[in-house]
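Shown here: upload34.txt, compact mmCIF, C-alpha atoms and all ligand atoms.
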# COMPACT_ATOMS: atom_id res chain seq x y z
CA MET A 9 91.69 95.19 56.41
CA ILE A 10 88.70 93.18 57.71
CA ARG A 11 89.17 90.69 54.84
CA THR A 12 92.87 90.30 55.76
CA ALA A 13 91.95 89.72 59.40
CA LEU A 14 89.36 87.10 58.40
CA ARG A 15 91.90 85.31 56.18
CA ARG A 16 94.26 85.15 59.15
CA VAL A 17 91.76 83.58 61.56
CA VAL A 18 89.93 81.12 59.24
CA GLY A 19 91.32 77.61 59.72
CA ARG A 20 93.05 78.44 62.99
CA SER A 21 92.22 76.97 66.38
CA PRO A 22 90.63 79.32 68.96
CA ALA A 23 93.93 79.31 70.89
CA GLN A 24 95.89 80.30 67.75
CA THR A 25 93.35 83.02 66.94
CA ALA A 26 93.53 84.38 70.49
CA ARG A 27 97.35 84.44 70.27
CA TRP A 28 97.19 86.23 66.89
CA VAL A 29 94.74 88.85 68.22
CA ARG A 30 96.83 89.40 71.40
CA PHE A 31 99.96 89.78 69.32
CA HIS A 32 98.47 92.40 66.99
CA LEU A 33 96.83 94.36 69.80
CA TYR A 34 100.18 94.64 71.56
CA GLU A 35 101.93 95.71 68.34
CA LEU A 36 99.26 98.41 67.79
CA TYR A 37 99.51 99.54 71.40
CA ARG A 38 103.31 99.97 71.18
CA GLU A 39 103.07 101.88 67.87
CA ARG A 40 100.56 104.26 69.46
CA ARG A 41 102.52 104.67 72.70
CA LEU A 42 105.72 105.50 70.84
CA GLY A 43 103.87 107.55 68.23
CA VAL A 44 105.67 105.79 65.36
CA ARG A 45 104.75 104.09 62.07
CA THR A 46 107.03 101.11 61.61
CA ALA A 47 104.62 98.24 60.91
CA ALA A 48 104.32 98.18 57.12
CA PHE A 49 106.77 95.90 55.34
CA ALA A 50 108.78 97.56 52.54
CA PRO A 51 109.61 95.83 49.27
CA GLY A 52 113.19 97.11 49.13
CA GLY A 53 115.07 98.62 46.23
CA ASP A 54 117.93 97.46 44.00
CA ALA A 55 120.23 96.89 46.95
CA ILE A 56 118.08 94.03 48.22
CA SER A 57 119.55 90.67 47.18
CA ASP A 58 119.96 87.08 48.40
CA GLU A 59 122.20 88.41 51.13
CA ASN A 60 120.48 91.72 51.95
CA GLU A 61 116.95 91.32 53.31
CA ARG A 62 114.05 93.69 52.71
CA TYR A 63 112.36 95.58 55.55
CA GLU A 64 110.24 93.59 57.93
CA PRO A 65 110.15 94.85 61.52
CA THR A 66 111.03 92.85 64.58
CA CYS A 67 108.12 92.17 66.95
CA TYR A 68 108.03 94.68 69.79
CA ARG A 69 108.05 91.96 72.45
CA CYS A 70 111.18 90.32 71.01
CA VAL A 71 113.32 93.44 71.14
CA GLU A 72 111.89 94.40 74.54
CA GLU A 73 112.61 90.95 76.00
CA ALA A 74 116.15 91.04 74.58
CA LEU A 75 116.79 94.44 76.20
CA ASP A 76 115.09 93.50 79.51
CA ASP A 77 117.92 91.05 80.16
CA LEU A 78 120.63 93.70 79.98
CA GLU A 79 121.94 95.73 82.85
CA ILE A 80 122.38 98.99 80.98
CA ASP A 81 125.11 101.31 82.18
CA PRO A 82 123.86 104.81 81.18
CA GLY A 83 127.35 106.26 81.16
CA ARG A 84 128.78 103.52 78.95
CA ASP A 85 126.35 101.51 76.84
CA VAL A 86 125.76 102.30 73.19
CA PHE A 87 123.19 100.31 71.17
CA VAL A 88 123.30 99.59 67.44
CA ASP A 89 120.59 97.99 65.30
CA TYR A 90 122.16 96.61 62.13
CA GLY A 91 119.66 97.15 59.29
CA CYS A 92 117.32 99.36 61.31
CA GLY A 93 114.68 99.84 58.61
CA LYS A 94 112.02 102.27 59.89
CA GLY A 95 113.72 102.39 63.28
CA ARG A 96 111.49 100.22 65.47
CA ALA A 97 114.29 98.58 67.49
CA VAL A 98 116.15 101.91 67.78
CA ALA A 99 112.97 103.61 69.05
CA VAL A 100 112.55 100.87 71.67
CA ALA A 101 116.23 101.10 72.68
CA ALA A 102 115.83 104.88 72.97
CA THR A 103 113.27 104.31 75.76
CA ARG A 104 116.07 102.68 77.80
CA PRO A 105 118.94 104.54 79.45
CA PHE A 106 121.54 103.90 76.74
CA ARG A 107 124.19 106.57 76.28
CA LYS A 108 123.24 106.47 72.60
CA ALA A 109 121.02 104.42 70.25
CA ILE A 110 122.21 104.05 66.65
CA GLY A 111 120.52 102.59 63.57
CA VAL A 112 122.51 101.56 60.49
CA GLU A 113 120.43 101.26 57.31
CA LEU A 114 121.30 100.60 53.66
CA SER A 115 118.22 102.31 52.22
CA GLU A 116 118.06 106.11 52.29
CA PRO A 117 114.20 106.24 52.22
CA LEU A 118 113.96 103.77 55.11
CA ALA A 119 116.57 105.75 57.06
CA ALA A 120 114.48 108.91 56.48
CA ASP A 121 111.43 107.05 57.90
CA ALA A 122 113.54 105.94 60.87
CA ARG A 123 114.63 109.53 61.60
CA GLU A 124 111.02 110.68 61.43
CA ASN A 125 109.97 107.89 63.81
CA LEU A 126 112.74 108.76 66.28
CA ARG A 127 111.64 112.40 66.20
CA ARG A 128 108.01 111.36 66.76
CA SER A 129 108.93 109.16 69.76
CA ALA A 130 111.17 111.80 71.40
CA GLY A 131 108.77 112.17 74.34
CA THR A 132 109.41 108.55 75.35
CA HIS A 133 113.23 108.72 75.18
CA ARG A 134 115.49 108.00 78.15
CA CYS A 135 118.65 107.58 76.07
CA GLY A 136 121.35 110.23 75.85
CA GLY A 137 120.98 110.61 72.08
CA TRP A 138 120.30 108.78 68.81
CA GLU A 139 121.60 108.64 65.27
CA ILE A 140 120.48 106.97 62.04
CA VAL A 141 123.36 106.27 59.66
CA VAL A 142 122.95 105.37 55.98
CA ALA A 143 125.58 102.70 55.31
CA ASP A 144 126.16 99.18 54.12
CA ALA A 145 126.78 97.21 57.31
CA ALA A 146 129.57 95.36 55.51
CA ALA A 147 131.55 98.61 55.30
CA TYR A 148 130.30 100.42 58.41
CA ALA A 149 133.18 101.19 60.79
CA VAL A 150 131.66 100.37 64.17
CA PRO A 151 132.37 103.17 66.69
CA ALA A 152 134.72 102.07 69.47
CA ASP A 153 132.11 102.77 72.17
CA VAL A 154 129.40 100.40 70.84
CA THR A 155 128.56 97.75 73.47
CA VAL A 156 125.21 96.23 72.37
CA ILE A 157 124.41 95.08 68.82
CA PHE A 158 120.98 93.89 67.70
CA LEU A 159 120.89 91.65 64.66
CA PHE A 160 117.62 90.46 63.17
CA ASN A 161 117.66 88.86 59.77
CA SER A 162 119.01 91.94 57.98
CA PHE A 163 121.77 90.30 55.94
CA HIS A 164 123.44 86.94 55.51
CA GLY A 165 126.51 85.18 54.12
CA SER A 166 129.38 87.38 53.02
CA VAL A 167 127.61 90.59 54.16
CA LEU A 168 127.14 89.24 57.70
CA ARG A 169 130.76 88.01 57.77
CA ALA A 170 132.05 91.42 56.64
CA ALA A 171 129.86 93.22 59.23
CA LEU A 172 131.18 90.94 61.97
CA GLU A 173 134.73 91.64 60.80
CA GLN A 174 133.97 95.36 61.30
CA VAL A 175 132.75 94.54 64.81
CA ARG A 176 135.94 92.55 65.51
CA ARG A 177 138.14 95.46 64.37
CA SER A 178 136.22 97.87 66.55
CA TRP A 179 136.45 95.55 69.57
CA GLU A 180 140.17 94.90 69.06
CA SER A 181 140.83 98.63 68.81
CA ARG A 182 139.27 98.92 72.26
CA PRO A 183 138.46 95.71 74.17
CA ARG A 184 135.27 96.27 76.17
CA PRO A 185 132.11 94.46 77.24
CA LEU A 186 130.12 93.74 74.07
CA ALA A 187 126.88 91.79 73.61
CA ILE A 188 125.53 90.73 70.22
CA LEU A 189 121.79 90.02 70.48
CA TYR A 190 121.12 87.73 67.54
CA LYS A 191 117.46 87.07 66.82
CA ILE A 192 117.44 84.06 64.55
CA PRO A 193 114.49 82.37 62.81
CA ALA A 194 113.87 78.62 63.20
CA GLY A 195 115.88 76.57 60.73
CA GLN A 196 118.34 79.35 59.87
CA ALA A 197 122.02 78.40 60.23
CA ASP A 198 123.82 80.21 63.05
CA LEU A 199 126.69 81.86 61.23
CA LEU A 200 128.03 83.45 64.41
CA ALA A 201 128.91 79.95 65.70
CA GLU A 202 131.68 79.86 63.03
CA ILE A 203 133.29 83.09 64.25
CA ASP A 204 136.19 82.07 66.46
CA TRP A 205 136.56 85.31 68.43
CA LEU A 206 132.92 85.09 69.60
CA THR A 207 131.38 82.74 72.12
CA ARG A 208 127.71 82.01 72.73
CA ARG A 209 126.81 83.02 76.28
CA ARG A 210 123.14 82.21 76.20
CA GLU A 211 120.24 81.01 74.10
CA THR A 212 116.61 81.76 74.91
CA ALA A 213 113.32 81.07 73.16
CA LEU A 214 111.21 84.04 72.04
CA PRO A 215 107.73 82.56 72.61
CA ASN A 216 105.92 85.85 71.98
CA CYS A 217 107.37 86.23 68.50
CA ARG A 218 105.10 86.41 65.45
CA TRP A 219 107.05 83.46 64.00
CA GLU A 220 107.23 80.12 65.81
CA GLY A 221 110.63 78.78 66.82
CA MET A 222 112.38 82.18 66.89
CA ARG A 223 115.43 82.21 69.22
CA LEU A 224 117.62 84.84 70.79
CA LEU A 225 121.32 83.95 70.87
CA ILE A 226 123.64 86.16 72.88
CA TYR A 227 127.24 86.28 71.75
CA GLU A 228 130.20 88.00 73.38
CA PRO A 229 133.91 88.18 72.59
CA ALA A 230 135.45 84.88 73.71
CA ASP A 231 138.32 86.68 75.39
CA LEU A 232 137.00 89.82 77.02
CA GLY A 233 140.58 90.66 78.02
CA GLU A 234 141.22 93.60 80.29
CA PRO A 235 138.33 96.09 80.02
CA ASP A 236 139.32 99.53 78.75
CA ARG A 237 139.32 101.79 81.78
CA SER A 238 140.56 104.91 79.99
CA ALA A 239 137.29 106.71 80.78
CA GLU A 240 138.03 106.19 84.47
CA ALA A 241 141.67 107.25 84.22
CA GLY A 242 142.72 109.46 87.07
CA VAL A 243 140.00 108.20 89.42
CA PRO A 244 141.66 106.63 92.50
CA ASP A 245 140.46 103.05 93.22
CA GLU A 246 138.89 104.02 96.56
CA ASP A 247 136.71 106.63 94.79
CA ARG A 248 135.17 104.09 92.38
CA GLY A 249 131.67 102.81 93.09
C1 LIG B 301 114.46 92.21 58.43
S1 LIG B 301 114.63 93.97 58.37
C2 LIG B 301 115.14 94.29 60.05
C3 LIG B 301 114.59 95.60 60.56
C4 LIG B 301 114.97 96.01 61.98
N1 LIG B 301 116.32 95.62 62.33
C5 LIG B 301 114.02 95.47 63.00
O1 LIG B 301 114.44 94.51 63.67
O2 LIG B 301 112.91 95.97 63.12
C6 LIG B 301 116.13 94.15 57.42
C7 LIG B 301 116.61 95.59 57.20
O3 LIG B 301 118.02 95.56 56.91
C8 LIG B 301 118.30 96.46 55.86
N2 LIG B 301 119.54 95.97 55.21
C9 LIG B 301 119.66 94.93 54.35
N3 LIG B 301 120.95 94.77 54.00
C10 LIG B 301 121.66 95.72 54.67
C11 LIG B 301 123.04 96.07 54.71
N4 LIG B 301 123.96 95.40 54.00
N5 LIG B 301 123.43 97.12 55.49
C12 LIG B 301 122.51 97.83 56.20
N6 LIG B 301 121.19 97.54 56.19
C13 LIG B 301 120.77 96.50 55.44
C14 LIG B 301 117.07 96.43 54.97
O4 LIG B 301 116.96 97.59 54.15
C15 LIG B 301 115.96 96.31 56.04
O5 LIG B 301 115.53 97.58 56.46
Using structure tokens, write down the structure that the file contains.
Amino acid sequence: MIRTALRRVVGRSPAQTARWVRFHLYELYRERRLGVRTAAFAPGGDAISDENERYEPTCYRCVEEALDDLEIDPGRDVFVDYGCGKGRAVAVAATRPFRKAIGVELSEPLAADARENLRRSAGTHRCGGWEIVVADAAAYAVPADVTVIFLFNSFHGSVLRAALEQVRRSWESRPRPLAILYKIPAGQADLLAEIDWLTRRRETALPNCRWEGMRLLIYEPADLGEPDRSAEAGVPDEDRG
């Protein structure tokens, strides 16, 4: 471990070294506070291919900054991390007042780790509930109450297109506010820009990310249409907040 740390700092400027140390201290702190073990990369099994990435966790700060920008409605909002791996982003989302936090993961062993991590972090939860689903995102039927989707480098190409088609079907079955938080590495093509039913609402830099040039793109349905108010049915207008 000491040798790895030395390799990382040799040849770096003092400012780069300080940034590297700060980054890792914060990552360690968050792992301890949540009581989880999500840091180690995983090689991935047979399912990993050119289009399906292996496990590599998001940085804590990136997912926290992405969620800080949301006004979460505890009675409505449901979070999904596509390709949740060991459950880091789901564990962070579970500390916010989401109605539910869901992780979708292709690998059964990683999903088992994610469940264990969600159980370990239970004392920090403010969400209404959580679930880890073993599924290929390309075939996962997105529940009609999902309103926030986190996407970080889990799959590409035809798999990403198929997953977004599942999201479109879900949204069309019940038009509702929906935000796709797309954390995209520098130099990677933005495939969501090709999807005609989505529009980019915002782009922000993620300066605290482990990797330089990482961006957060926020997409929403281009035509939000009339929000589904079925949950409020029967409530007279004057009684609504
Ligand atoms: C780069 S990691 C992202 C981990 C997590 N989302 C995070 O931000 O910490 C990619 C994860 O996606 C999973 N994955 C890859 N292809 C997938 C697919 N088609 N459906 C569901 N999960 C997939 C991998 O097993 C891996 O755990």
Next item on the list: In the coordinates of the file, take the point (115.9, 87.2, 81.2) and a cut-off of 12 Å; then, counting all atoms listed in the file, name each qualifying protein, DNA or RNA residue as a count of residues only.
Entry: 16
Notebook entry, point to check: How many Å separate CA of Gly137 in chain A from CA of Pro105 in chain A?
Noted result: 9.8 Å
Closest pair table for chain A residues within 6 Å of ligand LIG 301 (chain B), only C-alpha atoms and all ligand atoms, as a Markdown table:
| residue | atom | partner | partner_atom | distance |
| --- | --- | --- | --- | --- |
| A:Asn60 | CA | B:LIG301 | N3 | 3.7 |
| A:Glu61 | CA | B:LIG301 | C9 | 4.6 |
| A:Arg62 | CA | B:LIG301 | C15 | 4.6 |
| A:Tyr63 | CA | B:LIG301 | C15 | 3.7 |
| A:Glu64 | CA | B:LIG301 | S1 | 4.4 |
| A:Pro65 | CA | B:LIG301 | O2 | 3.4 |
| A:Thr66 | CA | B:LIG301 | O1 | 3.9 |
| A:Asp89 | CA | B:LIG301 | N1 | 5.7 |
| A:Tyr90 | CA | B:LIG301 | N1 | 5.9 |
| A:Gly91 | CA | B:LIG301 | O3 | 3.3 |
| A:Cys92 | CA | B:LIG301 | N1 | 4.0 |
| A:Gly93 | CA | B:LIG301 | O5 | 3.2 |
| A:Arg96 | CA | B:LIG301 | O2 | 5.1 |
| A:Ala97 | CA | B:LIG301 | O2 | 5.3 |
| A:Val112 | CA | B:LIG301 | C12 | 5.7 |
| A:Glu113 | CA | B:LIG301 | N6 | 4.0 |
| A:Leu114 | CA | B:LIG301 | C12 | 3.9 |
| A:Ser115 | CA | B:LIG301 | O4 | 5.3 |
| A:Ala143 | CA | B:LIG301 | C12 | 5.8 |
| A:Asp144 | CA | B:LIG301 | N5 | 3.7 |
| A:Ala145 | CA | B:LIG301 | N5 | 3.8 |
| A:Ala146 | CA | B:LIG301 | N4 | 5.8 |
| A:Phe160 | CA | B:LIG301 | O1 | 5.2 |
| A:Asn161 | CA | B:LIG301 | C1 | 4.8 |
| A:Ser162 | CA | B:LIG301 | C6 | 3.7 |
| A:Phe163 | CA | B:LIG301 | N3 | 4.9 |
Checklist line | Top pick for closest residue to Asp85 in chain A, considering A:Thr155, A:Thr103, A:Thr46, A:Ser181 and counting all atoms listed in the file | finding: A:Thr155
Next item on the list: Enter the distance from CA of Val100 in chain A to CA of Asn216 in chain A, in Å, rounded to one decimal.
Entry: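 Computing the Euclidean distance for CA of Val100 in chain A and CA of Asn216 in chain A yields 16.4 Å.
Checking A:Ala152, A:Cys217, A:Val44, A:Leu172 one by one against Leu200 in chain A, counting all atoms listed in the file, you find the shortest gap at A:Leu172.
Minimum distance to Gly165 in chain A across A:Val86, A:Asp198, A:Ser129, A:His32 (counting all atoms listed in the file) occurs at A:Asp198.
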If you take every atom of range 134-141 of chain A that the file lists and fit an axis-aligned box around them with 6 Å extra on each side, what centre and edge lengths come out in Å to one decimal, as lines of an AutoDock Vina configuration file?
center_x = 119.4
center_y = 108.4
center_z = 68.9
size_x = 19.9
size_y = 16.3
size_z = 30.5
Next item on the list: In the coordinate frame of the file, compute which residues have an atom within 10 Å of (135.4, 93.1, 69.4) when using all atoms listed in the file, and state them as JSON, numbers by chain.
Entry: {"A": [150, 152, 154, 155, 172, 173, 174, 175, 176, 177, 178, 179, 180, 181, 182, 183, 184, 185, 186, 187, 205, 206, 228, 229, 230, 231, 232]}
Note to self: Set the distance at 6 Å and use all atoms listed in the file: which residues neighbour range 192-194 of chain A once local chain neighbours fewer than 4 positions away are removed? I'd like the list as a list in words.
What the structure shows: Gly221, Met222 and Arg223 of chain A
Note to self: Counting only C-alpha atoms, which residue out of A:Ala149, A:Gln24, A:Val141, A:Arg128 sits closest to Arg40 in chain A?
What the structure shows: A:Arg128
Next item on the list: Could you tell me which of A:His164, A:Ile157, A:Asp204, A:Glu124 comes closest to Leu42 in chain A if we count only C-alpha atoms?
Entry: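 Of A:His164, A:Ile157, A:Asp204, A:Glu124, the one nearest Leu42 in chain A, counting only C-alpha atoms, is A:Glu124.
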Checklist line | Neighbour list for Arg134 in chain A as a PyMOL selection string, cut-off 10 Å, all atoms listed in the file, skip fewer than 6 positions in-chain | finding: chain A and resi 82+101-108
Resulting file, chosen residues, C-alpha atoms, as a PDB file, keeping the file's coordinate frame:
ATOM      1  CA  PRO A  82     123.860 104.810  81.180  1.00  0.00           C
ATOM      2  CA  ALA A 101     116.230 101.100  72.680  1.00  0.00           C
ATOM      3  CA  ALA A 102     115.830 104.880  72.970  1.00  0.00           C
ATOM      4  CA  THR A 103     113.270 104.310  75.760  1.00  0.00           C
ATOM      5  CA  ARG A 104     116.070 102.680  77.800  1.00  0.00           C
ATOM      6  CA  PRO A 105     118.940 104.540  79.450  1.00  0.00           C
ATOM      7  CA  PHE A 106     121.540 103.900  76.740  1.00  0.00           C
ATOM      8  CA  ARG A 107     124.190 106.570  76.280  1.00  0.00           C
ATOM      9  CA  LYS A 108     123.240 106.470  72.600  1.00  0.00           C
TER      10      LYS A 108
END
Item checked: Residue with smallest distance to Phe31 in chain A - pool A:Gly131, A:Pro215, A:Pro117, A:Gly195, counting only C-alpha atoms -> A:Pro215
Notebook entry, point to check: CA of Arg208 in chain A and CA of Phe87 in chain A, how far apart in Å?
Noted result: 18.9 Å
